[in-house]
Amino acid sequence: MEIIGYSIALFIGISLGLIGGGGSILTIPALVYLFGLEPVLATGYSLFIVGSSSLLGAIIKFRQGDVDTSAAGYFGLTSIITVILVRKFVLPAIPDQLFTLAGVEVTKSLAVLMLFAIVMIIASINMISRKELQHTGETKPVNARSALIKGIEVGILTGFIGAGGGFVIIPVLIFSFQLPMKKAIGTSLLIIAANSLFGFAGDLLVHQFHWPLLITFSSISCAGIFIGNILGKKISGTRLKKGFGFFVLSVGCFMILHEIFK
């Protein structure tokens, strides 16, 4: 199981380096089902893994001139604040036992997993159905309201389930900030890194982490970033996105069925 888990870690990094998102959504299933972590704790692990991998990817993209720091700062303002508030105040305030439905006790851990599975299905449909995003080349004023609202949405997503939210961030960067795809990918990685690492910093005061697992998983994911960056120069990430979307869809459906019938 660990070998499969670490293989997924490599795949997560490749996806982040290649298409600026998507792979991080596999982190929670790998940690929960392959390494046996409790779901809420797994979101904290995911924040560090996704954050460190995305930071490395952002540094690589920055050196290649494919990061717009002003757009990252603008978008990241509300998302970072939201992540911190969710991890510090909202998530700890949710009781471990939520309610009973048809004789089944719904816990916070179960709710996190089900929410994550739903997000996976939405993200997979987005990857399967959406055509390649391209900005028009026209100069338009930045839609500040849209960017700030999307920042809050991504912050809530990252705070609750530890996902980077690249599938939300990249369309905003292209259509609200008029960034080309390559620069949108690099900028997305910087935003994901900031959100995730700020969220993880708050978790350090609450949870105890198994650092050997955390460092090993993150290191393998970081290696995948280099591979994804190299592949990105040779092949189009959009060609792989649809197939990857079907894979994510199958994992999301598996999680829902597993939690219902286990």
# chains A, B, ... in the order shown; residues from 1 in each chain; ligands from 1

call {"tool": "select_by_dssp", "arguments": {"residues": "stretch 1-123 of chain A", "states": "strand (DSSP E or B)", "output": "count of residues only"}}
result
9

call {"tool": "closest_atom_pairs", "arguments": {"of": "stretch 110-210 of chain A", "to": "stretch 49-69 of chain A", "cutoff": "8 Å", "atoms": "only C-alpha atoms", "output": "CSV"}}
result
residue,atom,partner,partner_atom,distance
A:Ala163,CA,A:Val50,CA,7.7
A:Gly164,CA,A:Val50,CA,6.8
A:Lys182,CA,A:Asp66,CA,6.2
A:Lys183,CA,A:Asp66,CA,4.2
A:Ala184,CA,A:Val67,CA,7.3
A:Ile185,CA,A:Asp66,CA,7.8
A:Gly186,CA,A:Val67,CA,4.9
A:Thr187,CA,A:Val67,CA,4.6
A:Leu189,CA,A:Ser54,CA,5.0
A:Leu190,CA,A:Ala58,CA,5.1
A:Ile192,CA,A:Ser54,CA,6.4
A:Ala193,CA,A:Gly51,CA,4.1
A:Ala194,CA,A:Gly51,CA,6.9
A:Asn195,CA,A:Gly51,CA,7.5
A:Ser196,CA,A:Gly51,CA,4.7
A:Leu197,CA,A:Gly51,CA,5.2

call {"tool": "write_last_selection", "arguments": {"atoms": "N, CA and C atoms", "output": "compact mmCIF listing (two decimals), in the first residue's frame"}}
result
# COMPACT_ATOMS: atom_id res chain seq x y z
N ALA A 163 -7.21 20.87 -0.28
CA ALA A 163 -6.95 20.84 -1.73
C ALA A 163 -6.47 22.20 -2.19
N GLY A 164 -5.63 22.20 -3.23
CA GLY A 164 -5.05 23.46 -3.70
C GLY A 164 -6.03 24.36 -4.43
N LYS A 182 0.57 29.41 -19.72
CA LYS A 182 1.82 29.09 -19.02
C LYS A 182 2.00 29.95 -17.78
N LYS A 183 1.71 31.24 -17.90
CA LYS A 183 1.86 32.14 -16.75
C LYS A 183 0.77 31.88 -15.72
N ALA A 184 -0.42 31.48 -16.17
CA ALA A 184 -1.50 31.15 -15.23
C ALA A 184 -1.13 29.92 -14.40
N ILE A 185 -0.47 28.94 -15.02
CA ILE A 185 -0.05 27.74 -14.30
C ILE A 185 0.97 28.09 -13.22
N GLY A 186 1.98 28.89 -13.58
CA GLY A 186 3.01 29.28 -12.61
C GLY A 186 2.44 30.11 -11.49
N THR A 187 1.54 31.04 -11.81
CA THR A 187 0.93 31.89 -10.80
C THR A 187 0.02 31.08 -9.89
N LEU A 189 0.44 27.99 -9.03
CA LEU A 189 1.30 27.26 -8.10
C LEU A 189 1.72 28.14 -6.93
N LEU A 190 2.02 29.41 -7.19
CA LEU A 190 2.42 30.32 -6.11
C LEU A 190 1.25 30.56 -5.15
N ILE A 192 -1.37 28.55 -4.63
CA ILE A 192 -1.61 27.29 -3.92
C ILE A 192 -0.59 27.12 -2.79
N ALA A 193 0.68 27.41 -3.08
CA ALA A 193 1.74 27.28 -2.08
C ALA A 193 1.48 28.18 -0.88
N ALA A 194 1.13 29.43 -1.14
CA ALA A 194 0.89 30.38 -0.05
C ALA A 194 -0.30 29.93 0.80
N ASN A 195 -1.41 29.60 0.14
CA ASN A 195 -2.60 29.16 0.87
C ASN A 195 -2.31 27.94 1.74
N SER A 196 -1.68 26.94 1.14
CA SER A 196 -1.46 25.67 1.82
C SER A 196 -0.49 25.81 2.99
N LEU A 197 0.61 26.51 2.79
CA LEU A 197 1.62 26.61 3.84
C LEU A 197 1.17 27.50 4.99

call {"tool": "residues_around", "arguments": {"residues": "stretch 198-213 of chain A", "least_positions_apart": "5", "cutoff": "10 Å", "atoms": "only C-alpha atoms", "output": "ChimeraX atom specification"}}
result
/A:6,31,35,41-49,51,80-88,92,155,158-160,162,193,218-219

call {"tool": "select_by_dssp", "arguments": {"residues": "stretch 61-207 of chain A", "states": "helix (DSSP H, G or I)", "output": "PyMOL selection string"}}
result
chain A and resi 61-63+69-93+108-129+144-161+166-175+181-203

call {"tool": "closest_residue", "arguments": {"among": "A:Lys233, A:Ile169, A:Ala223, A:Ile125", "to": "A:Ser7", "atoms": "only C-alpha atoms"}}
result
A:Ala223

call {"tool": "residues_around", "arguments": {"residues": "A:Val119", "least_positions_apart": "2", "cutoff": "10 Å", "atoms": "only C-alpha atoms", "output": "compact mmCIF listing (two decimals) with all heavy atoms, in the first residue's frame"}}
result
# COMPACT_ATOMS: atom_id res chain seq x y z
N ILE A 25 -5.57 16.96 -5.50
CA ILE A 25 -6.85 16.42 -5.07
C ILE A 25 -6.77 14.92 -4.78
O ILE A 25 -7.68 14.34 -4.21
CB ILE A 25 -7.93 16.72 -6.14
CG1 ILE A 25 -9.30 16.89 -5.48
CG2 ILE A 25 -7.96 15.66 -7.24
CD1 ILE A 25 -10.32 17.56 -6.34
N LEU A 113 -14.68 13.67 4.27
CA LEU A 113 -14.44 12.76 3.15
C LEU A 113 -15.51 12.89 2.07
O LEU A 113 -15.20 12.90 0.88
CB LEU A 113 -14.39 11.31 3.66
CG LEU A 113 -13.08 10.84 4.30
CD1 LEU A 113 -13.22 9.40 4.74
CD2 LEU A 113 -11.91 11.00 3.35
N MET A 114 -16.76 12.99 2.49
CA MET A 114 -17.85 13.11 1.51
C MET A 114 -17.76 14.43 0.76
O MET A 114 -17.96 14.49 -0.45
CB MET A 114 -19.20 12.99 2.21
CG MET A 114 -19.45 11.62 2.85
SD MET A 114 -19.42 10.26 1.65
CE MET A 114 -21.05 10.41 0.95
N LEU A 115 -17.45 15.52 1.49
CA LEU A 115 -17.27 16.81 0.84
C LEU A 115 -16.12 16.76 -0.15
O LEU A 115 -16.22 17.28 -1.27
CB LEU A 115 -17.01 17.89 1.90
CG LEU A 115 -16.69 19.30 1.37
CD1 LEU A 115 -17.86 19.86 0.56
CD2 LEU A 115 -16.35 20.24 2.54
N PHE A 116 -15.04 16.10 0.26
CA PHE A 116 -13.88 15.99 -0.62
C PHE A 116 -14.22 15.21 -1.88
O PHE A 116 -13.82 15.58 -2.98
CB PHE A 116 -12.72 15.32 0.13
CG PHE A 116 -11.40 15.50 -0.55
CD1 PHE A 116 -10.60 16.59 -0.24
CD2 PHE A 116 -10.96 14.61 -1.52
CE1 PHE A 116 -9.39 16.77 -0.88
CE2 PHE A 116 -9.75 14.79 -2.16
CZ PHE A 116 -8.96 15.88 -1.83
N ALA A 117 -14.97 14.11 -1.70
CA ALA A 117 -15.36 13.30 -2.86
C ALA A 117 -16.23 14.11 -3.82
O ALA A 117 -16.07 14.01 -5.04
CB ALA A 117 -16.11 12.05 -2.38
N ILE A 121 -15.44 15.05 -7.77
CA ILE A 121 -16.32 14.80 -8.91
C ILE A 121 -16.54 16.08 -9.70
O ILE A 121 -16.50 16.08 -10.94
CB ILE A 121 -17.66 14.21 -8.41
CG1 ILE A 121 -17.43 12.79 -7.87
CG2 ILE A 121 -18.69 14.18 -9.54
CD1 ILE A 121 -18.63 12.18 -7.18
N ILE A 122 -16.75 17.20 -9.00
CA ILE A 122 -16.93 18.49 -9.69
C ILE A 122 -15.67 18.86 -10.47
O ILE A 122 -15.73 19.28 -11.63
CB ILE A 122 -17.27 19.60 -8.67
CG1 ILE A 122 -18.65 19.34 -8.05
CG2 ILE A 122 -17.26 20.98 -9.35
CD1 ILE A 122 -18.99 20.27 -6.91
N ALA A 123 -14.50 18.68 -9.84
CA ALA A 123 -13.24 19.00 -10.51
C ALA A 123 -13.01 18.11 -11.71
O ALA A 123 -12.53 18.57 -12.76
CB ALA A 123 -12.08 18.85 -9.52
N SER A 124 -13.36 16.83 -11.60
CA SER A 124 -13.15 15.90 -12.71
C SER A 124 -14.03 16.26 -13.90
O SER A 124 -13.59 16.21 -15.05
CB SER A 124 -13.42 14.47 -12.26
OG SER A 124 -14.78 14.28 -11.93
N ILE A 125 -15.29 16.61 -13.62
CA ILE A 125 -16.19 17.03 -14.70
C ILE A 125 -15.66 18.28 -15.38
O ILE A 125 -15.71 18.43 -16.60
CB ILE A 125 -17.61 17.26 -14.15
CG1 ILE A 125 -18.21 15.93 -13.68
CG2 ILE A 125 -18.51 17.91 -15.20
CD1 ILE A 125 -19.52 16.06 -12.96
N LEU A 157 -12.14 26.19 0.31
CA LEU A 157 -11.82 24.86 -0.21
C LEU A 157 -10.53 24.33 0.41
O LEU A 157 -10.47 23.21 0.91
CB LEU A 157 -11.69 24.93 -1.74
CG LEU A 157 -11.41 23.61 -2.47
CD1 LEU A 157 -12.64 22.72 -2.44
CD2 LEU A 157 -10.99 23.89 -3.90
N ILE A 161 -10.64 21.12 3.20
CA ILE A 161 -10.27 19.79 2.70
C ILE A 161 -8.81 19.68 2.23
O ILE A 161 -8.40 18.63 1.75
CB ILE A 161 -11.21 19.35 1.56
CG1 ILE A 161 -11.11 20.29 0.37
CG2 ILE A 161 -12.64 19.28 2.05
CD1 ILE A 161 -11.96 19.85 -0.82
N ALA A 163 -7.21 20.87 -0.28
CA ALA A 163 -6.95 20.84 -1.73
C ALA A 163 -6.47 22.20 -2.19
O ALA A 163 -6.85 23.23 -1.64
CB ALA A 163 -8.21 20.44 -2.49
N GLY A 165 -6.97 23.78 -5.16
CA GLY A 165 -7.96 24.58 -5.88
C GLY A 165 -7.50 25.14 -7.20
O GLY A 165 -8.05 26.13 -7.69
N LEU A 249 -12.53 11.24 -11.35
CA LEU A 249 -13.95 10.93 -11.22
C LEU A 249 -14.14 9.54 -10.61
O LEU A 249 -14.99 9.35 -9.73
CB LEU A 249 -14.61 11.00 -12.60
CG LEU A 249 -16.11 10.64 -12.66
CD1 LEU A 249 -16.93 11.60 -11.82
CD2 LEU A 249 -16.59 10.65 -14.10
N GLY A 252 -13.29 9.66 -6.88
CA GLY A 252 -14.34 10.34 -6.13
C GLY A 252 -15.56 9.44 -5.92
O GLY A 252 -16.11 9.38 -4.81

call {"tool": "atom_distance", "arguments": {"atom1": "atom CA of A:Ala102", "atom2": "atom CA of A:Ile256"}}
result
16.8 Å

call {"tool": "closest_residue", "arguments": {"among": "A:Phe254, A:Phe217, A:Phe226, A:Phe99", "to": "A:Gly17", "atoms": "only C-alpha atoms"}}
result
A:Phe226

call {"tool": "atom_distance", "arguments": {"atom1": "atom CA of A:Glu259", "atom2": "atom CA of A:Thr27"}}
result
17.3 Å

call {"tool": "atom_distance", "arguments": {"atom1": "atom CA of A:Ile230", "atom2": "atom CA of A:Ile14"}}
result
9.4 Å

call {"tool": "residues_around", "arguments": {"residues": "A:Gly5", "least_positions_apart": "5", "cutoff": "12 Å", "atoms": "only C-alpha atoms", "output": "ChimeraX atom specification"}}
result
/A:10-12,26-36,213,216-218,220-221

call {"tool": "closest_residue", "arguments": {"among": "A:Gly76, A:Leu173, A:Ile260, A:Met1", "to": "A:Glu105", "atoms": "only C-alpha atoms"}}
result
A:Ile260

call {"tool": "decode", "arguments": {"residues": "stretch 26-60 of chain A", "atoms": "N, CA, C and O atoms", "output": "PDB file, in the first residue's frame"}}
result
ATOM      1  N   LEU A  26      -5.652  14.288  -5.169  1.00  0.00           N
ATOM      2  CA  LEU A  26      -5.455  12.870  -4.869  1.00  0.00           C
ATOM      3  C   LEU A  26      -4.736  12.657  -3.540  1.00  0.00           C
ATOM      4  O   LEU A  26      -4.625  11.519  -3.078  1.00  0.00           O
ATOM      5  N   THR A  27      -4.264  13.736  -2.916  1.00  0.00           N
ATOM      6  CA  THR A  27      -3.472  13.595  -1.699  1.00  0.00           C
ATOM      7  C   THR A  27      -4.281  13.004  -0.556  1.00  0.00           C
ATOM      8  O   THR A  27      -3.834  12.083   0.134  1.00  0.00           O
ATOM      9  N   ILE A  28      -5.490  13.530  -0.330  1.00  0.00           N
ATOM     10  CA  ILE A  28      -6.311  13.048   0.773  1.00  0.00           C
ATOM     11  C   ILE A  28      -6.677  11.567   0.620  1.00  0.00           C
ATOM     12  O   ILE A  28      -6.504  10.786   1.565  1.00  0.00           O
ATOM     13  N   PRO A  29      -7.177  11.125  -0.557  1.00  0.00           N
ATOM     14  CA  PRO A  29      -7.470   9.687  -0.695  1.00  0.00           C
ATOM     15  C   PRO A  29      -6.248   8.806  -0.432  1.00  0.00           C
ATOM     16  O   PRO A  29      -6.363   7.749   0.199  1.00  0.00           O
ATOM     17  N   ALA A  30      -5.078   9.237  -0.894  1.00  0.00           N
ATOM     18  CA  ALA A  30      -3.870   8.440  -0.679  1.00  0.00           C
ATOM     19  C   ALA A  30      -3.535   8.348   0.806  1.00  0.00           C
ATOM     20  O   ALA A  30      -3.207   7.267   1.321  1.00  0.00           O
ATOM     21  N   LEU A  31      -3.625   9.465   1.499  1.00  0.00           N
ATOM     22  CA  LEU A  31      -3.274   9.485   2.926  1.00  0.00           C
ATOM     23  C   LEU A  31      -4.276   8.699   3.769  1.00  0.00           C
ATOM     24  O   LEU A  31      -3.896   8.031   4.732  1.00  0.00           O
ATOM     25  N   VAL A  32      -5.547   8.780   3.415  1.00  0.00           N
ATOM     26  CA  VAL A  32      -6.591   8.117   4.209  1.00  0.00           C
ATOM     27  C   VAL A  32      -6.650   6.619   3.931  1.00  0.00           C
ATOM     28  O   VAL A  32      -6.643   5.790   4.857  1.00  0.00           O
ATOM     29  N   TYR A  33      -6.692   6.244   2.647  1.00  0.00           N
ATOM     30  CA  TYR A  33      -6.936   4.844   2.296  1.00  0.00           C
ATOM     31  C   TYR A  33      -5.665   4.015   2.186  1.00  0.00           C
ATOM     32  O   TYR A  33      -5.724   2.788   2.330  1.00  0.00           O
ATOM     33  N   LEU A  34      -4.543   4.638   1.923  1.00  0.00           N
ATOM     34  CA  LEU A  34      -3.291   3.882   1.766  1.00  0.00           C
ATOM     35  C   LEU A  34      -2.372   3.983   2.970  1.00  0.00           C
ATOM     36  O   LEU A  34      -1.596   3.066   3.243  1.00  0.00           O
ATOM     37  N   PHE A  35      -2.448   5.099   3.701  1.00  0.00           N
ATOM     38  CA  PHE A  35      -1.586   5.271   4.881  1.00  0.00           C
ATOM     39  C   PHE A  35      -2.378   5.256   6.188  1.00  0.00           C
ATOM     40  O   PHE A  35      -1.789   5.355   7.260  1.00  0.00           O
ATOM     41  N   GLY A  36      -3.703   5.166   6.084  1.00  0.00           N
ATOM     42  CA  GLY A  36      -4.526   4.991   7.279  1.00  0.00           C
ATOM     43  C   GLY A  36      -4.669   6.209   8.168  1.00  0.00           C
ATOM     44  O   GLY A  36      -4.956   6.066   9.362  1.00  0.00           O
ATOM     45  N   LEU A  37      -4.498   7.395   7.636  1.00  0.00           N
ATOM     46  CA  LEU A  37      -4.630   8.601   8.451  1.00  0.00           C
ATOM     47  C   LEU A  37      -6.099   8.962   8.653  1.00  0.00           C
ATOM     48  O   LEU A  37      -6.942   8.707   7.800  1.00  0.00           O
ATOM     49  N   GLU A  38      -6.395   9.568   9.800  1.00  0.00           N
ATOM     50  CA  GLU A  38      -7.740  10.084  10.073  1.00  0.00           C
ATOM     51  C   GLU A  38      -8.004  11.259   9.130  1.00  0.00           C
ATOM     52  O   GLU A  38      -7.115  12.080   8.912  1.00  0.00           O
ATOM     53  N   PRO A  39      -9.190  11.347   8.524  1.00  0.00           N
ATOM     54  CA  PRO A  39      -9.443  12.327   7.460  1.00  0.00           C
ATOM     55  C   PRO A  39      -9.136  13.779   7.800  1.00  0.00           C
ATOM     56  O   PRO A  39      -8.523  14.493   7.006  1.00  0.00           O
ATOM     57  N   VAL A  40      -9.562  14.261   8.971  1.00  0.00           N
ATOM     58  CA  VAL A  40      -9.315  15.665   9.321  1.00  0.00           C
ATOM     59  C   VAL A  40      -7.822  15.916   9.476  1.00  0.00           C
ATOM     60  O   VAL A  40      -7.292  16.936   9.013  1.00  0.00           O
ATOM     61  N   LEU A  41      -7.110  14.981  10.110  1.00  0.00           N
ATOM     62  CA  LEU A  41      -5.658  15.108  10.239  1.00  0.00           C
ATOM     63  C   LEU A  41      -4.996  15.062   8.865  1.00  0.00           C
ATOM     64  O   LEU A  41      -4.017  15.779   8.606  1.00  0.00           O
ATOM     65  N   ALA A  42      -5.535  14.245   7.964  1.00  0.00           N
ATOM     66  CA  ALA A  42      -4.969  14.118   6.614  1.00  0.00           C
ATOM     67  C   ALA A  42      -5.019  15.446   5.863  1.00  0.00           C
ATOM     68  O   ALA A  42      -4.152  15.716   5.028  1.00  0.00           O
ATOM     69  N   THR A  43      -6.022  16.291   6.162  1.00  0.00           N
ATOM     70  CA  THR A  43      -6.073  17.596   5.486  1.00  0.00           C
ATOM     71  C   THR A  43      -4.872  18.448   5.866  1.00  0.00           C
ATOM     72  O   THR A  43      -4.375  19.226   5.060  1.00  0.00           O
ATOM     73  N   GLY A  44      -4.406  18.310   7.114  1.00  0.00           N
ATOM     74  CA  GLY A  44      -3.210  19.043   7.533  1.00  0.00           C
ATOM     75  C   GLY A  44      -1.962  18.553   6.816  1.00  0.00           C
ATOM     76  O   GLY A  44      -1.129  19.338   6.366  1.00  0.00           O
ATOM     77  N   TYR A  45      -1.824  17.221   6.715  1.00  0.00           N
ATOM     78  CA  TYR A  45      -0.714  16.649   5.952  1.00  0.00           C
ATOM     79  C   TYR A  45      -0.754  17.141   4.508  1.00  0.00           C
ATOM     80  O   TYR A  45       0.269  17.506   3.926  1.00  0.00           O
ATOM     81  N   SER A  46      -1.951  17.141   3.943  1.00  0.00           N
ATOM     82  CA  SER A  46      -2.120  17.554   2.550  1.00  0.00           C
ATOM     83  C   SER A  46      -1.663  18.991   2.339  1.00  0.00           C
ATOM     84  O   SER A  46      -1.049  19.313   1.322  1.00  0.00           O
ATOM     85  N   LEU A  47      -1.950  19.859   3.307  1.00  0.00           N
ATOM     86  CA  LEU A  47      -1.549  21.262   3.181  1.00  0.00           C
ATOM     87  C   LEU A  47      -0.034  21.388   3.030  1.00  0.00           C
ATOM     88  O   LEU A  47       0.459  22.163   2.209  1.00  0.00           O
ATOM     89  N   PHE A  48       0.712  20.629   3.827  1.00  0.00           N
ATOM     90  CA  PHE A  48       2.178  20.707   3.743  1.00  0.00           C
ATOM     91  C   PHE A  48       2.684  20.098   2.440  1.00  0.00           C
ATOM     92  O   PHE A  48       3.558  20.672   1.765  1.00  0.00           O
ATOM     93  N   ILE A  49       2.152  18.932   2.082  1.00  0.00           N
ATOM     94  CA  ILE A  49       2.601  18.241   0.864  1.00  0.00           C
ATOM     95  C   ILE A  49       2.321  19.090  -0.370  1.00  0.00           C
ATOM     96  O   ILE A  49       3.208  19.324  -1.203  1.00  0.00           O
ATOM     97  N   VAL A  50       1.090  19.561  -0.485  1.00  0.00           N
ATOM     98  CA  VAL A  50       0.706  20.377  -1.631  1.00  0.00           C
ATOM     99  C   VAL A  50       1.442  21.713  -1.615  1.00  0.00           C
ATOM    100  O   VAL A  50       1.908  22.193  -2.655  1.00  0.00           O
ATOM    101  N   GLY A  51       1.565  22.301  -0.429  1.00  0.00           N
ATOM    102  CA  GLY A  51       2.229  23.605  -0.324  1.00  0.00           C
ATOM    103  C   GLY A  51       3.697  23.563  -0.699  1.00  0.00           C
ATOM    104  O   GLY A  51       4.176  24.396  -1.470  1.00  0.00           O
ATOM    105  N   SER A  52       4.425  22.577  -0.167  1.00  0.00           N
ATOM    106  CA  SER A  52       5.857  22.493  -0.457  1.00  0.00           C
ATOM    107  C   SER A  52       6.106  22.150  -1.924  1.00  0.00           C
ATOM    108  O   SER A  52       7.011  22.713  -2.565  1.00  0.00           O
ATOM    109  N   SER A  53       5.304  21.245  -2.476  1.00  0.00           N
ATOM    110  CA  SER A  53       5.461  20.879  -3.886  1.00  0.00           C
ATOM    111  C   SER A  53       5.144  22.059  -4.799  1.00  0.00           C
ATOM    112  O   SER A  53       5.876  22.338  -5.756  1.00  0.00           O
ATOM    113  N   SER A  54       4.065  22.771  -4.480  1.00  0.00           N
ATOM    114  CA  SER A  54       3.667  23.920  -5.299  1.00  0.00           C
ATOM    115  C   SER A  54       4.686  25.044  -5.198  1.00  0.00           C
ATOM    116  O   SER A  54       4.940  25.754  -6.178  1.00  0.00           O
ATOM    117  N   LEU A  55       5.271  25.221  -4.014  1.00  0.00           N
ATOM    118  CA  LEU A  55       6.288  26.262  -3.845  1.00  0.00           C
ATOM    119  C   LEU A  55       7.496  25.986  -4.728  1.00  0.00           C
ATOM    120  O   LEU A  55       8.023  26.896  -5.388  1.00  0.00           O
ATOM    121  N   LEU A  56       7.929  24.726  -4.751  1.00  0.00           N
ATOM    122  CA  LEU A  56       9.045  24.368  -5.627  1.00  0.00           C
ATOM    123  C   LEU A  56       8.681  24.629  -7.082  1.00  0.00           C
ATOM    124  O   LEU A  56       9.471  25.196  -7.850  1.00  0.00           O
ATOM    125  N   GLY A  57       7.467  24.212  -7.470  1.00  0.00           N
ATOM    126  CA  GLY A  57       7.025  24.455  -8.839  1.00  0.00           C
ATOM    127  C   GLY A  57       6.957  25.933  -9.169  1.00  0.00           C
ATOM    128  O   GLY A  57       7.332  26.355 -10.269  1.00  0.00           O
ATOM    129  N   ALA A  58       6.506  26.748  -8.212  1.00  0.00           N
ATOM    130  CA  ALA A  58       6.412  28.195  -8.428  1.00  0.00           C
ATOM    131  C   ALA A  58       7.795  28.815  -8.608  1.00  0.00           C
ATOM    132  O   ALA A  58       7.981  29.725  -9.428  1.00  0.00           O
ATOM    133  N   ILE A  59       8.777  28.331  -7.844  1.00  0.00           N
ATOM    134  CA  ILE A  59      10.152  28.839  -7.976  1.00  0.00           C
ATOM    135  C   ILE A  59      10.705  28.532  -9.367  1.00  0.00           C
ATOM    136  O   ILE A  59      11.329  29.381 -10.016  1.00  0.00           O
ATOM    137  N   ILE A  60      10.457  27.303  -9.830  1.00  0.00           N
ATOM    138  CA  ILE A  60      10.906  26.913 -11.175  1.00  0.00           C
ATOM    139  C   ILE A  60      10.250  27.792 -12.231  1.00  0.00           C
ATOM    140  O   ILE A  60      10.905  28.315 -13.143  1.00  0.00           O
TER     141      ILE A  60
END
